Structure formats: C-alpha cells, structure tokens
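Next comes start22.cif, a file with mmCIF, C-alpha atoms.
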data_coords
#
loop_
_atom_site.label_atom_id
_atom_site.label_comp_id
_atom_site.auth_asym_id
_atom_site.auth_seq_id
_atom_site.Cartn_x
_atom_site.Cartn_y
_atom_site.Cartn_z
CA LEU A 21 100.61 182.25 164.29
CA VAL A 22 100.94 184.19 161.05
CA ASN A 23 101.27 182.73 157.56
CA ARG A 24 104.39 184.52 156.27
CA GLU A 25 103.37 184.33 152.62
CA SER A 26 99.93 185.95 153.00
CA ASN A 27 100.40 187.76 156.30
CA THR A 28 97.16 186.20 157.55
CA GLU A 29 96.63 184.90 161.03
CA ILE A 30 96.29 181.13 161.43
CA ASN A 31 94.30 179.69 164.30
CA ASN A 32 95.92 176.44 165.35
CA GLU A 33 93.76 175.97 168.39
CA GLN A 34 91.65 172.85 168.21
CA VAL A 35 89.94 171.46 171.26
CA ILE A 36 90.09 167.67 171.35
CA PRO A 37 88.35 166.10 174.33
CA PRO A 38 90.48 163.58 176.23
CA ILE A 39 89.90 159.86 175.80
CA ASP A 40 88.00 158.38 178.71
CA GLN A 41 90.57 155.90 180.05
CA GLY A 42 87.89 154.17 182.11
CA ASN A 43 86.11 152.59 179.15
CA ASN A 44 88.70 152.99 176.35
CA THR A 45 86.34 154.83 173.99
CA ILE A 46 86.36 158.13 172.17
CA PRO A 47 83.79 160.58 173.55
CA ASP A 48 80.41 160.54 171.77
CA ASP A 49 80.95 163.82 169.90
CA GLU A 50 83.88 162.21 168.04
CA ALA A 51 82.40 158.72 167.67
CA ASN A 52 80.95 159.44 164.24
CA SER A 53 83.72 161.70 162.98
CA GLY A 54 85.61 158.90 161.21
CA VAL A 55 88.32 158.87 163.87
CA LYS A 56 89.22 155.33 164.89
CA ASP A 57 89.55 154.29 168.49
CA PRO A 58 93.28 154.47 169.19
CA ILE A 59 93.12 151.61 171.66
CA ASP A 60 92.87 148.20 169.98
CA GLU A 61 90.60 145.82 171.82
CA PRO A 62 91.54 142.13 171.85
CA VAL A 63 89.37 140.03 169.58
CA SER A 64 88.12 136.70 170.87
CA THR A 65 88.41 133.93 168.28
CA VAL A 66 86.78 130.56 168.79
CA ILE A 67 88.90 127.70 167.47
CA THR A 68 87.02 124.47 166.89
CA PHE A 69 88.34 120.96 166.47
CA VAL A 70 86.79 117.87 164.91
CA MET A 71 87.93 114.25 164.92
CA PRO A 72 90.23 113.48 161.97
CA VAL A 73 88.27 110.31 161.13
CA SER A 74 84.55 110.55 161.78
CA GLU A 75 83.83 106.83 161.42
CA ALA A 76 86.71 105.15 163.24
CA SER A 77 85.95 101.62 164.41
CA GLU A 78 88.57 101.82 167.15
CA ILE A 79 90.99 104.33 168.58
CA THR A 80 94.29 103.50 170.28
CA GLU A 81 95.57 105.83 172.96
CA TYR A 82 98.54 108.15 173.01
CA SER A 83 101.30 106.80 175.27
CA GLU A 84 104.64 108.14 176.38
CA ASP A 85 105.38 104.74 177.97
CA LEU A 86 107.32 102.15 176.04
CA VAL A 87 105.11 99.67 174.21
CA PHE A 88 106.13 96.77 171.98
CA ASN A 89 105.90 97.44 168.23
CA PRO A 90 105.69 94.02 166.52
CA ALA A 91 106.28 95.50 163.04
CA LEU A 92 109.66 96.87 164.14
CA ASN A 93 110.25 94.18 166.80
CA ARG A 94 111.19 96.73 169.44
CA PHE A 95 109.81 98.80 172.29
CA GLU A 96 109.03 102.46 171.67
CA SER A 97 106.61 105.12 172.85
CA HIS A 98 103.45 105.67 170.81
CA LYS A 99 103.09 109.46 170.86
CA ALA A 100 100.10 109.39 168.55
CA VAL A 101 96.53 108.23 168.35
CA ASP A 102 95.57 105.59 165.78
CA PHE A 103 92.11 105.80 164.20
CA TYR A 104 91.16 102.47 162.63
CA ALA A 105 88.86 102.67 159.61
CA SER A 106 88.41 101.07 156.21
CA GLU A 107 90.94 101.94 153.55
CA GLY A 108 89.72 104.99 151.64
CA THR A 109 87.84 106.54 154.58
CA ASP A 110 88.08 110.34 154.50
CA VAL A 111 90.62 112.05 156.76
CA LEU A 112 89.56 115.52 157.91
CA ALA A 113 91.51 118.60 158.98
CA VAL A 114 90.94 118.79 162.76
CA SER A 115 91.01 122.59 162.57
CA GLY A 116 91.63 125.31 160.02
CA GLY A 117 95.15 126.15 158.99
CA THR A 118 97.79 126.08 156.27
CA ILE A 119 99.29 122.93 154.74
CA LEU A 120 102.89 123.02 155.97
CA SER A 121 104.12 119.81 154.30
CA VAL A 122 103.03 116.87 152.16
CA GLU A 123 105.60 114.08 152.35
CA ASN A 124 106.13 110.42 151.59
CA SER A 125 108.72 108.28 153.35
CA PHE A 126 109.42 104.55 153.21
CA LEU A 127 108.61 103.89 156.89
CA GLU A 128 105.90 106.45 157.62
CA GLY A 129 104.11 106.57 154.27
CA TYR A 130 102.19 109.61 153.11
CA THR A 131 102.04 112.39 155.71
CA ILE A 132 100.38 115.81 155.82
CA THR A 133 101.23 118.47 158.40
CA ILE A 134 98.90 121.42 159.01
CA ASP A 135 100.04 124.60 160.78
CA HIS A 136 97.15 125.99 162.86
CA GLY A 137 99.12 129.02 164.08
CA ASN A 138 100.25 129.92 167.59
CA GLY A 139 102.75 127.03 167.60
CA LEU A 140 100.13 124.30 167.03
CA LYS A 141 100.44 121.70 164.25
CA SER A 142 98.57 118.50 163.43
CA VAL A 143 100.19 115.56 161.65
CA TYR A 144 98.26 112.97 159.61
CA ASN A 145 100.24 109.83 158.80
CA SER A 146 99.51 106.57 156.94
CA LEU A 147 97.50 108.27 154.21
CA SER A 148 96.84 106.94 150.73
CA ASP A 149 98.63 108.49 147.77
CA SER A 150 95.44 110.27 146.61
CA ILE A 151 96.24 113.56 148.35
CA ASP A 152 94.50 116.63 146.93
CA VAL A 153 96.17 119.33 149.05
CA VAL A 154 99.39 121.22 148.37
CA VAL A 155 101.89 123.06 150.53
CA GLY A 156 100.67 126.59 151.29
CA GLN A 157 97.00 125.75 150.77
CA THR A 158 94.54 126.99 153.40
CA VAL A 159 92.10 124.40 154.76
CA ASN A 160 89.07 124.79 157.02
CA THR A 161 87.96 122.68 159.95
CA GLY A 162 86.50 119.43 158.61
CA ASP A 163 87.89 119.70 155.06
CA VAL A 164 88.86 116.35 153.53
CA ILE A 165 92.65 116.26 153.20
CA GLY A 166 93.31 112.59 152.48
CA GLU A 167 92.25 108.97 152.94
CA VAL A 168 93.07 106.25 155.47
CA SER A 169 95.49 103.59 154.19
CA VAL A 170 98.22 101.17 155.22
CA SER A 171 101.16 103.27 153.96
CA ASN A 172 102.80 103.48 157.42
CA ARG A 173 105.18 100.49 157.33
CA LYS A 174 106.09 101.01 160.99
CA GLU A 175 102.53 99.89 161.80
CA ASP A 176 101.46 97.97 158.68
CA ASN A 177 100.61 94.91 160.78
CA LEU A 178 97.80 96.95 162.35
CA GLY A 179 95.82 97.32 159.12
CA ALA A 180 94.26 100.47 157.69
CA HIS A 181 94.36 103.38 160.11
CA LEU A 182 95.28 107.04 160.50
CA HIS A 183 98.33 107.64 162.70
CA PHE A 184 97.60 111.12 164.12
CA TYR A 185 99.52 113.39 166.45
CA MET A 186 99.84 117.05 167.37
CA ILE A 187 102.82 119.28 168.03
CA GLU A 188 102.60 122.31 170.29
CA ASN A 189 105.57 124.71 170.39
CA GLY A 190 107.89 122.01 169.02
CA THR A 191 106.80 119.24 171.43
CA THR A 192 104.62 116.27 170.51
CA ILE A 193 101.52 116.36 172.74
CA ASN A 194 98.54 114.16 173.47
CA PRO A 195 95.83 115.19 170.96
CA GLU A 196 93.25 114.68 173.70
CA LYS A 197 94.20 118.17 174.88
CA TYR A 198 92.24 119.47 171.87
CA LEU A 199 90.05 116.55 170.77
CA ASN A 200 87.18 115.06 172.77
CA PHE A 201 87.59 111.27 172.89
CA GLU A 202 84.91 110.71 175.54
CA ASN A 203 82.14 110.00 173.03
CA LYS A 204 84.21 107.71 170.82
#

Now, as a test, write the supplied structure out as structure tokens.
Amino acid sequence: LVNRESNTEINNEQVIPPIDQGNNTIPDDEANSGVKDPIDEPVSTVITFVMPVSEASEITEYSEDLVFNPALNRFESHKAVDFYASEGTDVLAVSGGTILSVENSFLEGYTITIDHGNGLKSVYNSLSDSIDVVVGQTVNTGDVIGEVSVSNRKEDNLGAHLHFYMIENGTTINPEKYLNFENK
C-alpha cells in the first residue's frame, strides 16, 4: 500500500498468532501485551444464606396443604415459615440483595421484600415499625433489616414471630430449598 499524501509505502502486514481454541487463551507472546482474552470465562459466585432469625424458639413448616387459621376462622395454605421469637428480636437478610419494597398493610403488617437477583426474592412479614432500610438500598447477607413483632393480624393469635417466605421466578416456594432447617 502507498500513502497517497507522502508517496511512502505502508506495511500493513502484522502477524497475529491464532488463539488456541483448546484452552481459550492468547498465546504466551501476547499474554503481557495488554490485549485482553477475547473469550469471557464464566465466573463462579458463591451465594450464601443465613436464617432470618438466629434465635427462634420454634419454627413452623411451610405447607401447601390447607390448614385452619383461627385468626381468620378459615382454612388456607401456609406458604411461609414462621420463626417465633421475642418481640424486638433482630431479623436478618437471608442473603445479599436490593430492598425491593417496604410496605405496611392492615392484615399483613410491616413487610420487607429483598430482590436477590436471578428471579429470587425473600419476603419478611410481621415486622415492627422500626425499619431502617429503604427501597433501593443494598444489603449484605446477615444485615439486620427489622425486628420481630405481632404486626401480622392474619396470625396475631400466634404471638411475636417472623412470617417468612421466598419467591422464585414469580412462584412462592418452600424456603427450605435455600435454608438449612435441619439444625434448628
């Protein structure tokens, strides 16, 4: 090739060794040249979960079967796990994520929902009104997000407890899929 402005010859030949497709790396002579590996390797991320109440005196099980709710005087499924503890006991984020909502309703009381990403959410219900998190806030595994109370009127006859459930891809699931209840 010739540069038309200066009539000088330009050498456009550059030898670039091929990428070794067997191990997805750039050959050693280019490894320190500042050229990034064009093939992104998947990164393994460990996601840990903790119990939402570390000192629960009792835990009721998740059930898709109909059970009698004496507070509402009707049968309904109990798609949650109740953690019984003294009023004011700390409630912890089961895993890191972003606060999706902080709500208060007459029947369910104070509720926090955390989005953990990849379609997984955790919901903490029957909290006291002393909530120190806000929508959009990032929390880490084990951060205190609220306190156990009796604000859930649908279960107020049960005493102070955390009504906890998880949602995966829009469906309420048994939290035991992610939490280890064997030692409780």

task: Run the PyMOL selection byres ((chain A and resi 159) around 8) on the file and write out the hits as a PyMOL selection string.
output: chain A and resi 113+116-119+157-158+160-161+163

- request: Determine the nearest neighbour of Asp152 (chain A) from the options A:Val87, A:Ile165, A:Ala100, A:Ile134, counting only C-alpha atoms.
  value: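 With only C-alpha atoms as the atom set, the closest residue is A:Ile165.
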
task: Rounded to one decimal place, report the CA of Thr192 (chain A)-CA of Gly108 (chain A) distance in Å.
output: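 Spanning CA of Thr192 (chain A) to CA of Gly108 (chain A) is a straight-line distance of 26.6 Å.
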
task: May I ask which of the residues A:Phe95, A:Tyr185, A:Phe126, A:Phe88 is the closest one to Val114 (chain A), counting only C-alpha atoms?
output: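 Between A:Phe95, A:Tyr185, A:Phe126, A:Phe88, the residue approaching Val114 (chain A) most closely is A:Tyr185.
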
- prompt: How far is it from CA of Ser169 (chain A) to CA of Ser142 (chain A), in Å with one decimal?
  reply: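 Computing the Euclidean distance for CA of Ser169 (chain A) and CA of Ser142 (chain A) yields 17.8 Å.
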